[in-house]
Every structure is written in C-alpha cells, then in structure tokens.
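Q: Let me give you the structure first, and then I'll get to my questions.
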There are 2 protein chains.
Amino acid sequence: MGKIEAQGLPGYELALQDAVTLAAGDACPPQLARALQYAVFPGGARVRPQLCMAVAAANGGGDPALTRAAAAAIELLHCASLVHDDMPCFDNASERRGKPSVHQAFGEQLALLAGDALIVAAFETLGRAAAGDPARLPPLLAVIAEGVGAPHGICAGQAWECESRVDLERYHRAKTGALFIAATAAGAVVSGGDVDAWRRLGDCIGHSYQVADDILDAAAEAAEIGKPTGQDEAHGRPSAVRSLGLDGAVAHLKALVDASVEAVPPCAGREQLQQLVRNQSRRFLPKSLAGQAA
Amino acid sequence: MGKIEAQGLPGYELALQDAVTLAAGDACPPQLARALQYAVFPGGARVRPQLCMAVAAANGGGDPALTRAAAAAIELLHCASLVHDDMPCFDNASERRGKPSVHQAFGEQLALLAGDALIVAAFETLGRAAAGDPARLPPLLAVIAEGVGAPHGICAGQAWECESRVDLERYHRAKTGALFIAATAAGAVVSGGDVDAWRRLGDCIGHSYQVADDILDAAAEAAEIGKPTGQDEAHGRPSAVRSLGLDGAVAHLKALVDASVEAVPPCAGREQLQQLVRNQSRRFLPKSLAGQAA
C-alpha cells in the first residue's frame with residue numbers, strides 16, 4: 001500500500017532511516033549502531049507501516065510528518081519484537097528475513113540492547129514528529145503502546161507462551177493482531193478518523209495475517225519467506241492448518257479477507273483501500289496458493 | 001527527597017502503582033503480571049523519581065499528575081534496565097534488592113518480556129498524564145528517551161561493555177549518568193525550568209552516584225545493599241576505588257557532592273534542594289563511611 005514518494009522511497013522508510021540514523025549516531029557504541037541498522041534494514045514486507053499510512057490517506061490524510069512517524073514507530077516496534085523473539089530463550093531462531101538473526105550476527109547482549117533501543121526510538125520518533133503540534137500525541141502514544149505492551153500487546157502475547165493454560169484467541173490477538181490494530185488505529189488518530197471503527201479493521205486484518213502465517217509455515221519453502229518453515233508442526237503449536245487442514249485454512253483465510261474488505265469504515269478513499277486490502281492479502285500467501293485466497 | 005503526600009505514599013509511588021496495575025491488569029498473562037509487580041515493588045531507594053520531583057518542586061512545581069508520571073516513568077525505565085542487566089547474557093546476577101532477580105524467580109523469557117513491557121509502560125504513563133494538556137509531552141519524551149536509548153542512554157552504556165575499546169567517561173555517563181540527567185531534565189521540563197542548567201546538576205549527581213556505587217561495591221556488606229559486592233575487583237572492572245584507593249575515592253566523592261550542591265541552578269527552592277542533595281548523597285554510602293563524605 002506504500003505510495004512511492006518524490007524521493008523514491010515511501011515516507012515511512014525515510015522516517016525509519018531518520019530514527020535509526022539518530023539512534024546509531026556518532027556517539028553510539030559501534031557494534032550497537034550496526035545491530036540497529038541490521039535489525040531494521042533491509043526490511044521485510046513493511047505491511048504494518050503501509051497499512052497505517054493507507055488508513056491515514058483513506059481518511060483524507062494527516063500531518064505528513066506525524067503520519068510517517070507513526071508508521072515508522074510501528075515498524076520499529078515490530079523489528080524490536082522480532083529481535084527479542086528470535087533470541088535463544090524464545091524461538092532460538094538463527095535466521096530472519098533471509099539472513100542470520102540479530103543475536104546470531106551480534107551476540108545475545110547486543111540483540112537484547114538493540115531491541116530495547118528500538119522500542120525507545122519508536123516513542124522518541126513520535127515525540128519528535130509531534131513537537132510542533134502535540135494535540136494528537138497522547139492518543140497516538142496510547143494506541144501504539146497498547147499494541148506492544150501489557151496487558152494487550154505483543155509482550156503479553158509472547159507471555160502467553162509461558163502459561164500452561166492459554167486462551168488461543170487472546171494469545172493470537174495479543175501476539176499478532178494487536179500491532180495491526182495499532183497500525184489502523186494510529187492511521188485513524190493522525191487523520192482524525194473514528195478510532196474504534198478502524199480498530200475493527202486492524203483486528204480483522206491481523207486475524208487474516210495469523211491464518212496466512214500458519215499457511216506459510218505449513219506450505220511455503222523456507223527460501224520464499226526467509227525463515228524456517230514447518231515450525232508449528234515441529235513444536236506441536238496450534239495452527240489453523242493443523243485444525244482445519246490446508247484447504248480448510250485457505251478457505252478460512254478467504255472468508256477473513258472478505259470480512260476485512262467489508263470492515264473498511266466509510267471514508268473518502270474506501271474503495272481504493274478495499275482494493276489494497278485485497279491485494280495485500282494475496283501477498284501474505286505462498287505464490288502457489290495466492291490465486292485461491294483472494 | 002520524597003515528600004510524603006496525603007495518601008501516605010509519595011506521588012511517584014502512586015503513579016508507579018497505577019502504571020503497573022494497568023499493565024498487569026485482568027487481561028494480562030498471570031505470570032507476566034506477577035513479574036511486573038515483582039520488578040517494581042518493593043522498590044530500592046527510588047533515588048531518581050525523588051530527584052525528578054524535587055527539581056520540579058524547587059522550580060515552583062509543575063502539573064502534579066504530569067510530574068508524578070515523569071518521575072514514575074523514569075523509575076519504570078530504571079527497573080526495566082535492572083531486569084535486563086541482571087539476565088544471564090549480561091551480569092547473570094541472581095539477586096537484586098535483597099531477593100532473587102526477576103529471571104531467577106520467573107525465568108529468562110518473562111524477564112525479557114517484563115523489561116520490554118516496563119519500557120512501554122513508562123512511555124504510556126507519560127502520554128496518559130499529558131492527555132489533558134500535551135504541550136510539555138514532546139520535550140518530556142525527548143529528555144526521558146535520551147536517558148535510556150541510543151546513542152546516549154542506558155542501552156548505549158550497556159553496549160559499551162561489548163566493545164574492546166571504551167571511553168570510560170562516556171561509558172559511565174551513558175550507563176549511570178544519563179538517567180540522572182533525565183530525572184533533573186524531566187523535573188525542569190514539567191516545571192518550566194531551564195532544562196540545560198538542570199541537566200548539568202543531573203550529570204554531577206550521576207557522577208557522584210557512580211563513584212558511590214564503586215565504593216559500595218568495595219566496602220559494603222552484601223546484606224546492606226541487597227546484591228553481591230566485590231564485583232568490580234572480581235571482574236577486573238575499572239572503578240574509582242581501584243584507581244584511587246578507598247580513601248581517595250571517598251575524598252573524590254566528597255568533592256563531587258560539593259560540586260553537585262553548587263550546580264543547583266538558581267530557583268525558588270534552591271537552598272532546600274541543596275540540603276536534599278547533600279542528605280541524599282549520604283544515603284548512597286555504606287553506613288560506616290557516610291559521615292566522611294557529606
């Protein structure tokens with residue numbers, strides 16, 4: 001959904017560069033600086049910041065600098081969560097985005113610190129962009145923090161993995177859905193949209209993404225997604241494919257994508273955003289299945 | 001420096017309770033909720049939030065809710081840094097504040113997540129308190145984020161431990177001084193003080209605290225400070241005691257405390273704050289030495 005801007009890069013990508021350049025500035029310990037760059041660039045699909053900016057645009061747009069900062073903050077928090085999630089005490093993943101994970105490349109200490117510094121940089125980015133007009137900063141902080149902290153965000157989602165009794169829907173919503181909800185809600189905050197209505201869209205898209213991720217894990221080649229596959233089966237984790245079968249999961253995803261398209265709230269750019277949601281959902285899937293689902 | 005308020009608890013303590021109660025709310029995974037409570041309560045000396053509130057008060061005070069939130073945010077970030085710093089990949093410390101460290105009590109996964117969630121909760125706390133009047137939120141975010149992130153804050157300080165060549169002053173200023181600077185600067189932001197002048201006080205106090213910490217490590221009993229002592233010697237770490245000897249370090253601390261007292265900027269409550277700085281500095285030291293230094 002990213003609009004290629006005059007400089008040749010989408011706005012959120014420029015804001016990410018600014019944020020990382022400041023954090024990894026001259027005074028930064030050199031290895032931490034490299035780990036910060038490495039954790040954020042080159043990116044993955046940048047689905048969440050694109051979604052945030054698309055929502056703002058569909059609502060007629062917000063202050064451009066604040067919109068870019070909101071999108072970048074969400075991606076910085078996403079990157080931080082991947083760095084920490086890959087660490088040995090969690091998934092112990094050696095690869096991410098087709099290259100060694102951060103702790104594999106820089107060691108555990110720098111992975112822990114890089115994740116922490118990215119979380120701080122995300123909030124710093126919001127504050128900097130809102131310096132001239134802070135009216136929307138408090139609600140923006142609130143929706144973004146809710147997507148990553150406790151009790152509703154990514155940290156809580158990960159922490160459900162440490163419990164013996166888990167409500168699966170709550171687990172998925174916190175671990176995966178919450179940052180999608182933050183993305184649509186933040187887009188609505190910066191553009192003056194109805195935050196609760198846009199939250200529902202984020203929830204719906206997050207749910208689709210979770211099912212698509214289960215399908216990818218079961219049916220894609222590792223090379224296609226840049227990380228090991230077959231992990232749900234190997235770790236006995238619940239997944240849509242394990243409970244519905246591959247065809248059932250693809251059909252479920254199709255229904256969720258339709259629901260997401262319907263969940264786009266009334267706005268000036270509704271039709272265009274619906275088209276983007278549909279196209280984006282196709283990108284979630286392995287190429288062999290993309291035609292079936294969307 | 002904490003003023004005991006009507007409710008029987010200092011304001012920052014109430015704000016800490018609010019922040020942790022929200023993060024560890026009903027929807028929170030139960031073990032993460034317990035780890036969050038455990039990481040923040042009961043606290044240590046709460047030196048940084050008391051300093052932040054004392055600076056605001058000396059300047060004539062700021063919005064009470066925002067002042068408490070700023071102080072609490074700084075303490076939440078301090079607690080987060082202790083939780084992560086104690087983890088096996090860093091200090092592998094089994095004790096903190098006289099009880100098992102968070103990873104010792106709850107495991108590494110929950111320690112990592114609790115630290116992350118406390119960082120998020122700190123910024124969330126600031127946003128919530130500023131909702132009614134956000135004008136001071138951007139500079140407040142800036143000074144607090146600078147104290148914890150990269151390139152100048154705690155994350156950078158820790159990351160210097162991963163480098164083979166280290167500028168010691170820069171290392172100590174980032175690891176220890178930066179959050180004291182954040183505390184005085186935040187107190188100045190909320191009360192409309194001259195932020196740069198107050199930063200210098202924080203820098204001076206942070207420096208004293210670092211030297212006092214070196215003295216404690218060399219001369220206190222573990223029971224007195226709630227964590228193992230003799231660590232600088234054991235790990236061959238540079239310290240004021242190792243370079244100046246115990247008496248030399250105590251004399252150096254005395255000079256730094258005098259410099260801190262002088263560094264208190266002109267303000268309505270200057271004399272009272274100077275007295276507090278002197279008293280507080282005495283609390284930094286083992287009882288056997290407290291008389292000599294202040």
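The chains in the structure tokens are called A, B, ... from first to last as shown; in each chain the residues are counted from 1, and the ligands are counted from 1 in the order shown.
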Pull out every residue of chain B that has at least one atom within 7 Å of chain A, counting only C-alpha atoms, and report them as a PyMOL selection string.
A: chain B and resi 23-25+27-29+32+89-90+108-110+113+116-117+120-121+124+127-128+130-131+134-135+138+141-142+145+149-152+155-156+159-160
Q: Could I have chain B as a JSON list (two decimals) with C-alpha atoms, in the first residue's frame after it is superimposed on chain A by least squares, pairing all C-alpha atoms in sequence order?
A:
```
[["chain", "number", "residue", "atom", "x", "y", "z"],
["B", 1, "MET", "CA", -0.02, -0.10, -0.04],
["B", 2, "GLY", "CA", 3.05, 2.12, 0.13],
["B", 3, "LYS", "CA", 2.96, 5.14, -2.06],
["B", 4, "ILE", "CA", 6.32, 5.77, -3.62],
["B", 5, "GLU", "CA", 7.12, 9.37, -2.82],
["B", 6, "ALA", "CA", 9.15, 11.99, -4.65],
["B", 7, "GLN", "CA", 12.43, 10.92, -3.08],
["B", 8, "GLY", "CA", 11.96, 7.42, -4.46],
["B", 9, "LEU", "CA", 11.24, 5.89, -1.05],
["B", 10, "PRO", "CA", 7.96, 5.68, 0.84],
["B", 11, "GLY", "CA", 7.65, 8.19, 3.70],
["B", 12, "TYR", "CA", 7.77, 5.58, 6.45],
["B", 13, "GLU", "CA", 11.05, 4.31, 5.04],
["B", 14, "LEU", "CA", 12.55, 7.79, 5.23],
["B", 15, "ALA", "CA", 11.27, 8.14, 8.79],
["B", 16, "LEU", "CA", 12.81, 4.76, 9.66],
["B", 17, "GLN", "CA", 16.13, 5.94, 8.25],
["B", 18, "ASP", "CA", 15.94, 9.14, 10.29],
["B", 19, "ALA", "CA", 15.13, 7.26, 13.49],
["B", 20, "VAL", "CA", 17.89, 4.69, 13.06],
["B", 21, "THR", "CA", 20.42, 7.30, 11.97],
["B", 22, "LEU", "CA", 19.76, 9.26, 15.17],
["B", 23, "ALA", "CA", 19.92, 6.20, 17.43],
["B", 24, "ALA", "CA", 23.01, 4.84, 15.71],
["B", 25, "GLY", "CA", 24.65, 8.28, 15.62],
["B", 26, "ASP", "CA", 28.30, 9.14, 16.15],
["B", 27, "ALA", "CA", 28.20, 8.73, 19.92],
["B", 28, "CYS", "CA", 26.74, 5.21, 19.66],
["B", 29, "PRO", "CA", 28.89, 2.17, 20.46],
["B", 30, "PRO", "CA", 29.84, 0.89, 17.00],
["B", 31, "GLN", "CA", 28.49, -2.64, 17.30],
["B", 32, "LEU", "CA", 25.16, -1.46, 18.71],
["B", 33, "ALA", "CA", 24.94, 1.00, 15.82],
["B", 34, "ARG", "CA", 25.47, -1.82, 13.34],
["B", 35, "ALA", "CA", 22.98, -4.07, 15.12],
["B", 36, "LEU", "CA", 20.32, -1.34, 14.97],
["B", 37, "GLN", "CA", 20.83, -0.84, 11.25],
["B", 38, "TYR", "CA", 20.86, -4.59, 10.68],
["B", 39, "ALA", "CA", 17.61, -5.13, 12.61],
["B", 40, "VAL", "CA", 15.68, -2.59, 10.55],
["B", 41, "PHE", "CA", 17.26, -2.67, 7.06],
["B", 42, "PRO", "CA", 16.60, -4.18, 4.62],
["B", 43, "GLY", "CA", 13.08, -4.64, 5.86],
["B", 44, "GLY", "CA", 10.54, -7.37, 5.35],
["B", 45, "ALA", "CA", 7.23, -6.60, 3.64],
["B", 46, "ARG", "CA", 6.67, -3.50, 5.84],
["B", 47, "VAL", "CA", 3.00, -4.48, 5.95],
["B", 48, "ARG", "CA", 2.15, -2.58, 9.17],
["B", 49, "PRO", "CA", 3.57, 0.85, 8.29],
["B", 50, "GLN", "CA", 1.99, 0.64, 4.83],
["B", 51, "LEU", "CA", -1.34, -0.17, 6.44],
["B", 52, "CYS", "CA", -1.03, 2.75, 8.86],
["B", 53, "MET", "CA", -0.29, 5.19, 6.05],
["B", 54, "ALA", "CA", -3.02, 3.79, 3.82],
["B", 55, "VAL", "CA", -5.59, 4.29, 6.58],
["B", 56, "ALA", "CA", -4.48, 7.89, 7.09],
["B", 57, "ALA", "CA", -4.64, 8.51, 3.35],
["B", 58, "ALA", "CA", -8.10, 6.93, 3.02],
["B", 59, "ASN", "CA", -9.30, 9.35, 5.71],
["B", 60, "GLY", "CA", -8.01, 12.32, 3.76],
["B", 61, "GLY", "CA", -4.53, 12.28, 5.29],
["B", 62, "GLY", "CA", -3.01, 13.70, 8.47],
["B", 63, "ASP", "CA", 0.04, 15.83, 9.19],
["B", 64, "PRO", "CA", 2.59, 14.15, 6.87],
["B", 65, "ALA", "CA", 5.48, 14.12, 9.36],
["B", 66, "LEU", "CA", 3.35, 12.69, 12.14],
["B", 67, "THR", "CA", 1.82, 10.07, 9.83],
["B", 68, "ARG", "CA", 5.24, 8.90, 8.67],
["B", 69, "ALA", "CA", 6.49, 8.87, 12.26],
["B", 70, "ALA", "CA", 3.51, 6.80, 13.42],
["B", 71, "ALA", "CA", 4.09, 4.27, 10.64],
["B", 72, "ALA", "CA", 7.83, 4.15, 11.36],
["B", 73, "ALA", "CA", 7.27, 3.77, 15.11],
["B", 74, "ILE", "CA", 5.05, 0.76, 14.49],
["B", 75, "GLU", "CA", 7.68, -0.83, 12.27],
["B", 76, "LEU", "CA", 10.47, -0.12, 14.80],
["B", 77, "LEU", "CA", 8.41, -1.86, 17.47],
["B", 78, "HIS", "CA", 7.76, -4.76, 15.11],
["B", 79, "CYS", "CA", 11.50, -5.08, 14.40],
["B", 80, "ALA", "CA", 12.24, -4.95, 18.16],
["B", 81, "SER", "CA", 9.79, -7.75, 18.79],
["B", 82, "LEU", "CA", 11.38, -9.91, 16.09],
["B", 83, "VAL", "CA", 14.86, -9.36, 17.54],
["B", 84, "HIS", "CA", 13.76, -10.36, 21.05],
["B", 85, "ASP", "CA", 11.50, -13.17, 19.84],
["B", 86, "ASP", "CA", 14.37, -14.78, 17.91],
["B", 87, "MET", "CA", 16.63, -14.89, 20.98],
["B", 88, "PRO", "CA", 17.71, -18.23, 22.44],
["B", 89, "CYS", "CA", 15.35, -18.03, 25.42],
["B", 90, "PHE", "CA", 12.40, -17.78, 22.99],
["B", 91, "ASP", "CA", 12.38, -19.19, 19.48],
["B", 92, "ASN", "CA", 16.15, -19.54, 19.22],
["B", 93, "ALA", "CA", 15.79, -18.70, 15.53],
["B", 94, "SER", "CA", 19.03, -18.50, 13.62],
["B", 95, "GLU", "CA", 17.55, -16.82, 10.55],
["B", 96, "ARG", "CA", 15.25, -13.89, 9.86],
["B", 97, "ARG", "CA", 14.47, -12.13, 6.60],
["B", 98, "GLY", "CA", 16.89, -14.43, 4.80],
["B", 99, "LYS", "CA", 19.93, -13.58, 6.91],
["B", 100, "PRO", "CA", 21.28, -14.55, 10.34],
["B", 101, "SER", "CA", 19.08, -13.26, 13.17],
["B", 102, "VAL", "CA", 20.46, -10.34, 15.21],
["B", 103, "HIS", "CA", 21.69, -12.43, 18.15],
["B", 104, "GLN", "CA", 23.28, -14.85, 15.69],
["B", 105, "ALA", "CA", 25.15, -12.01, 13.98],
["B", 106, "PHE", "CA", 25.93, -9.80, 17.01],
["B", 107, "GLY", "CA", 25.48, -11.95, 20.12],
["B", 108, "GLU", "CA", 22.75, -12.04, 22.74],
["B", 109, "GLN", "CA", 23.82, -8.93, 24.60],
["B", 110, "LEU", "CA", 23.58, -6.68, 21.58],
["B", 111, "ALA", "CA", 20.33, -8.32, 20.47],
["B", 112, "LEU", "CA", 18.78, -7.57, 23.85],
["B", 113, "LEU", "CA", 20.04, -3.97, 23.80],
["B", 114, "ALA", "CA", 19.13, -3.37, 20.15],
["B", 115, "GLY", "CA", 15.56, -4.46, 20.86],
["B", 116, "ASP", "CA", 15.36, -2.17, 23.88],
["B", 117, "ALA", "CA", 16.84, 0.75, 21.97],
["B", 118, "LEU", "CA", 14.39, 0.24, 19.08],
["B", 119, "ILE", "CA", 11.44, 0.39, 21.50],
["B", 120, "VAL", "CA", 12.76, 3.65, 22.92],
["B", 121, "ALA", "CA", 13.47, 5.02, 19.42],
["B", 122, "ALA", "CA", 9.86, 4.32, 18.41],
["B", 123, "PHE", "CA", 8.44, 6.55, 21.12],
["B", 124, "GLU", "CA", 11.17, 9.14, 20.60],
["B", 125, "THR", "CA", 10.20, 9.29, 16.92],
["B", 126, "LEU", "CA", 6.58, 10.04, 17.80],
["B", 127, "GLY", "CA", 7.55, 12.80, 20.22],
["B", 128, "ARG", "CA", 9.88, 14.44, 17.74],
["B", 129, "ALA", "CA", 7.32, 14.47, 14.94],
["B", 130, "ALA", "CA", 4.65, 15.92, 17.22],
["B", 131, "ALA", "CA", 6.81, 18.69, 18.67],
["B", 132, "GLY", "CA", 5.16, 21.41, 16.60],
["B", 133, "ASP", "CA", 1.59, 20.29, 17.24],
["B", 134, "PRO", "CA", 1.29, 17.85, 20.14],
["B", 135, "ALA", "CA", -2.51, 17.59, 20.28],
["B", 136, "ARG", "CA", -2.60, 14.11, 18.73],
["B", 137, "LEU", "CA", 0.44, 12.78, 20.55],
["B", 138, "PRO", "CA", -1.34, 11.43, 23.67],
["B", 139, "PRO", "CA", -3.90, 9.30, 21.79],
["B", 140, "LEU", "CA", -1.20, 8.19, 19.35],
["B", 141, "LEU", "CA", 1.06, 7.07, 22.19],
["B", 142, "ALA", "CA", -1.89, 5.27, 23.75],
["B", 143, "VAL", "CA", -2.89, 3.22, 20.71],
["B", 144, "ILE", "CA", 0.68, 2.32, 19.79],
["B", 145, "ALA", "CA", 1.73, 1.42, 23.34],
["B", 146, "GLU", "CA", -1.38, -0.74, 23.69],
["B", 147, "GLY", "CA", -0.26, -2.76, 20.67],
["B", 148, "VAL", "CA", 3.11, -3.68, 22.14],
["B", 149, "GLY", "CA", 2.98, -3.64, 25.94],
["B", 150, "ALA", "CA", 0.95, -5.41, 28.57],
["B", 151, "PRO", "CA", -1.83, -6.45, 29.07],
["B", 152, "HIS", "CA", -2.98, -6.39, 25.41],
["B", 153, "GLY", "CA", 0.10, -6.09, 23.18],
["B", 154, "ILE", "CA", 2.96, -8.17, 21.86],
["B", 155, "CYS", "CA", 4.68, -8.57, 25.24],
["B", 156, "ALA", "CA", 1.50, -10.07, 26.66],
["B", 157, "GLY", "CA", 1.12, -12.26, 23.57],
["B", 158, "GLN", "CA", 4.60, -13.68, 24.01],
["B", 159, "ALA", "CA", 3.99, -14.15, 27.71],
["B", 160, "TRP", "CA", 1.00, -16.39, 27.01],
["B", 161, "GLU", "CA", 3.59, -18.85, 25.66],
["B", 162, "CYS", "CA", 4.84, -19.17, 29.25],
["B", 163, "GLU", "CA", 1.44, -20.16, 30.65],
["B", 164, "SER", "CA", 0.15, -23.71, 30.89],
["B", 165, "ARG", "CA", -3.45, -22.63, 30.17],
["B", 166, "VAL", "CA", -3.91, -20.33, 27.22],
["B", 167, "ASP", "CA", -6.93, -18.77, 25.58],
["B", 168, "LEU", "CA", -5.82, -19.18, 21.97],
["B", 169, "GLU", "CA", -7.81, -16.29, 20.59],
["B", 170, "ARG", "CA", -6.46, -13.92, 23.23],
["B", 171, "TYR", "CA", -2.94, -15.21, 22.57],
["B", 172, "HIS", "CA", -3.12, -14.62, 18.81],
["B", 173, "ARG", "CA", -4.84, -11.26, 19.18],
["B", 174, "ALA", "CA", -2.08, -10.00, 21.53],
["B", 175, "LYS", "CA", 0.87, -11.55, 19.72],
["B", 176, "THR", "CA", -0.12, -10.77, 16.15],
["B", 177, "GLY", "CA", -3.37, -8.82, 15.98],
["B", 178, "ALA", "CA", -2.52, -6.05, 18.42],
["B", 179, "LEU", "CA", 0.09, -4.40, 16.22],
["B", 180, "PHE", "CA", -2.26, -4.47, 13.21],
["B", 181, "ILE", "CA", -4.89, -2.84, 15.40],
["B", 182, "ALA", "CA", -2.26, -0.28, 16.44],
["B", 183, "ALA", "CA", -1.47, 0.36, 12.77],
["B", 184, "THR", "CA", -5.06, 1.08, 11.72],
["B", 185, "ALA", "CA", -5.85, 2.95, 14.94],
["B", 186, "ALA", "CA", -2.73, 5.12, 14.60],
["B", 187, "GLY", "CA", -3.64, 5.89, 10.99],
["B", 188, "ALA", "CA", -7.07, 6.96, 12.24],
["B", 189, "VAL", "CA", -5.66, 9.08, 15.08],
["B", 190, "VAL", "CA", -3.35, 11.09, 12.84],
["B", 191, "SER", "CA", -6.11, 11.71, 10.30],
["B", 192, "GLY", "CA", -8.96, 12.36, 12.73],
["B", 193, "GLY", "CA", -10.86, 9.15, 11.88],
["B", 194, "ASP", "CA", -13.16, 7.11, 14.13],
["B", 195, "VAL", "CA", -10.54, 5.14, 16.03],
["B", 196, "ASP", "CA", -12.82, 2.32, 17.19],
["B", 197, "ALA", "CA", -14.17, 1.63, 13.71],
["B", 198, "TRP", "CA", -10.64, 1.45, 12.33],
["B", 199, "ARG", "CA", -9.53, -0.79, 15.17],
["B", 200, "ARG", "CA", -12.04, -3.38, 13.97],
["B", 201, "LEU", "CA", -10.40, -3.38, 10.54],
["B", 202, "GLY", "CA", -6.98, -3.92, 12.13],
["B", 203, "ASP", "CA", -8.34, -6.78, 14.19],
["B", 204, "CYS", "CA", -9.76, -8.42, 11.07],
["B", 205, "ILE", "CA", -6.56, -7.99, 9.04],
["B", 206, "GLY", "CA", -4.47, -9.24, 11.96],
["B", 207, "HIS", "CA", -6.59, -12.35, 12.12],
["B", 208, "SER", "CA", -6.12, -12.97, 8.37],
["B", 209, "TYR", "CA", -2.41, -12.44, 8.74],
["B", 210, "GLN", "CA", -2.22, -15.01, 11.53],
["B", 211, "VAL", "CA", -4.02, -17.61, 9.41],
["B", 212, "ALA", "CA", -1.83, -16.74, 6.40],
["B", 213, "ASP", "CA", 1.25, -17.15, 8.58],
["B", 214, "ASP", "CA", 0.06, -20.61, 9.62],
["B", 215, "ILE", "CA", -0.44, -21.49, 5.95],
["B", 216, "LEU", "CA", 3.02, -20.19, 5.03],
["B", 217, "ASP", "CA", 4.59, -22.20, 7.83],
["B", 218, "ALA", "CA", 2.92, -25.35, 6.51],
["B", 219, "ALA", "CA", 3.09, -24.82, 2.75],
["B", 220, "ALA", "CA", 5.85, -22.41, 1.76],
["B", 221, "GLU", "CA", 9.52, -23.05, 1.11],
["B", 222, "ALA", "CA", 11.90, -21.53, 3.66],
["B", 223, "ALA", "CA", 13.64, -19.59, 0.87],
["B", 224, "GLU", "CA", 10.38, -17.92, -0.06],
["B", 225, "ILE", "CA", 9.77, -16.42, 3.38],
["B", 226, "GLY", "CA", 13.34, -16.05, 4.67],
["B", 227, "LYS", "CA", 12.89, -18.16, 7.81],
["B", 228, "PRO", "CA", 12.49, -21.85, 8.63],
["B", 229, "THR", "CA", 9.09, -23.45, 7.89],
["B", 230, "GLY", "CA", 7.28, -26.38, 9.46],
["B", 231, "GLN", "CA", 7.74, -24.88, 12.92],
["B", 232, "ASP", "CA", 4.12, -25.26, 14.08],
["B", 233, "GLU", "CA", 4.16, -28.98, 13.33],
["B", 234, "ALA", "CA", 7.65, -29.41, 14.81],
["B", 235, "HIS", "CA", 6.78, -27.64, 18.08],
["B", 236, "GLY", "CA", 3.24, -29.03, 18.32],
["B", 237, "ARG", "CA", 1.86, -25.48, 18.20],
["B", 238, "PRO", "CA", -1.80, -24.89, 17.44],
["B", 239, "SER", "CA", -2.34, -23.53, 13.93],
["B", 240, "ALA", "CA", -5.19, -23.02, 11.48],
["B", 241, "VAL", "CA", -3.65, -25.63, 9.17],
["B", 242, "ARG", "CA", -3.38, -28.19, 11.96],
["B", 243, "SER", "CA", -7.01, -27.68, 12.95],
["B", 244, "LEU", "CA", -8.63, -27.13, 9.51],
["B", 245, "GLY", "CA", -6.24, -28.80, 7.08],
["B", 246, "LEU", "CA", -4.53, -26.82, 4.30],
["B", 247, "ASP", "CA", -7.62, -26.41, 2.10],
["B", 248, "GLY", "CA", -9.76, -25.54, 5.09],
["B", 249, "ALA", "CA", -7.26, -22.93, 6.23],
["B", 250, "VAL", "CA", -7.13, -21.36, 2.76],
["B", 251, "ALA", "CA", -10.95, -21.20, 2.68],
["B", 252, "HIS", "CA", -10.98, -19.68, 6.17],
["B", 253, "LEU", "CA", -8.46, -17.08, 5.04],
["B", 254, "LYS", "CA", -10.61, -16.22, 2.05],
["B", 255, "ALA", "CA", -13.55, -15.57, 4.36],
["B", 256, "LEU", "CA", -11.40, -13.43, 6.64],
["B", 257, "VAL", "CA", -10.12, -11.36, 3.72],
["B", 258, "ASP", "CA", -13.72, -10.78, 2.59],
["B", 259, "ALA", "CA", -14.59, -9.73, 6.14],
["B", 260, "SER", "CA", -11.61, -7.33, 6.22],
["B", 261, "VAL", "CA", -12.72, -5.74, 2.96],
["B", 262, "GLU", "CA", -16.19, -5.24, 4.43],
["B", 263, "ALA", "CA", -14.72, -3.87, 7.67],
["B", 264, "VAL", "CA", -13.17, -0.84, 5.97],
["B", 265, "PRO", "CA", -15.14, 2.03, 7.56],
["B", 266, "PRO", "CA", -16.87, 4.69, 5.48],
["B", 267, "CYS", "CA", -14.24, 7.17, 4.31],
["B", 268, "ALA", "CA", -13.25, 9.20, 1.25],
["B", 269, "GLY", "CA", -10.87, 6.53, -0.05],
["B", 270, "ARG", "CA", -12.88, 3.44, 0.90],
["B", 271, "GLU", "CA", -12.91, 1.71, -2.47],
["B", 272, "GLN", "CA", -9.21, 2.16, -3.06],
["B", 273, "LEU", "CA", -8.36, 0.93, 0.42],
["B", 274, "GLN", "CA", -10.57, -2.13, -0.05],
["B", 275, "GLN", "CA", -8.64, -2.95, -3.21],
["B", 276, "LEU", "CA", -5.34, -2.53, -1.35],
["B", 277, "VAL", "CA", -6.49, -4.81, 1.48],
["B", 278, "ARG", "CA", -7.38, -7.48, -1.06],
["B", 279, "ASN", "CA", -4.08, -7.14, -2.95],
["B", 280, "GLN", "CA", -2.04, -7.10, 0.23],
["B", 281, "SER", "CA", -3.73, -10.26, 1.47],
["B", 282, "ARG", "CA", -2.59, -12.02, -1.68],
["B", 283, "ARG", "CA", 0.99, -11.09, -0.81],
["B", 284, "PHE", "CA", 0.65, -12.86, 2.56],
["B", 285, "LEU", "CA", 0.44, -16.26, 0.87],
["B", 286, "PRO", "CA", 2.89, -18.60, -0.84],
["B", 287, "LYS", "CA", 2.79, -17.93, -4.58],
["B", 288, "SER", "CA", 1.30, -21.35, -5.28],
["B", 289, "LEU", "CA", -1.81, -20.49, -3.22],
["B", 290, "ALA", "CA", -2.18, -16.76, -3.77],
["B", 291, "GLY", "CA", -4.73, -17.16, -6.55],
["B", 292, "GLN", "CA", -7.09, -19.26, -4.44],
["B", 293, "ALA", "CA", -7.45, -16.95, -1.46],
["B", 294, "ALA", "CA", -8.08, -13.48, -2.76]]
```
Q: Taking the backbone alone, and naming residues the way the document does, which bits of region 155-258 of chain A are helix (DSSP H, G or I) by DSSP, as a VMD selection string?
A: chain A and resid 155 to 160 168 to 191 195 to 219 222 to 225 231 to 235 240 to 258
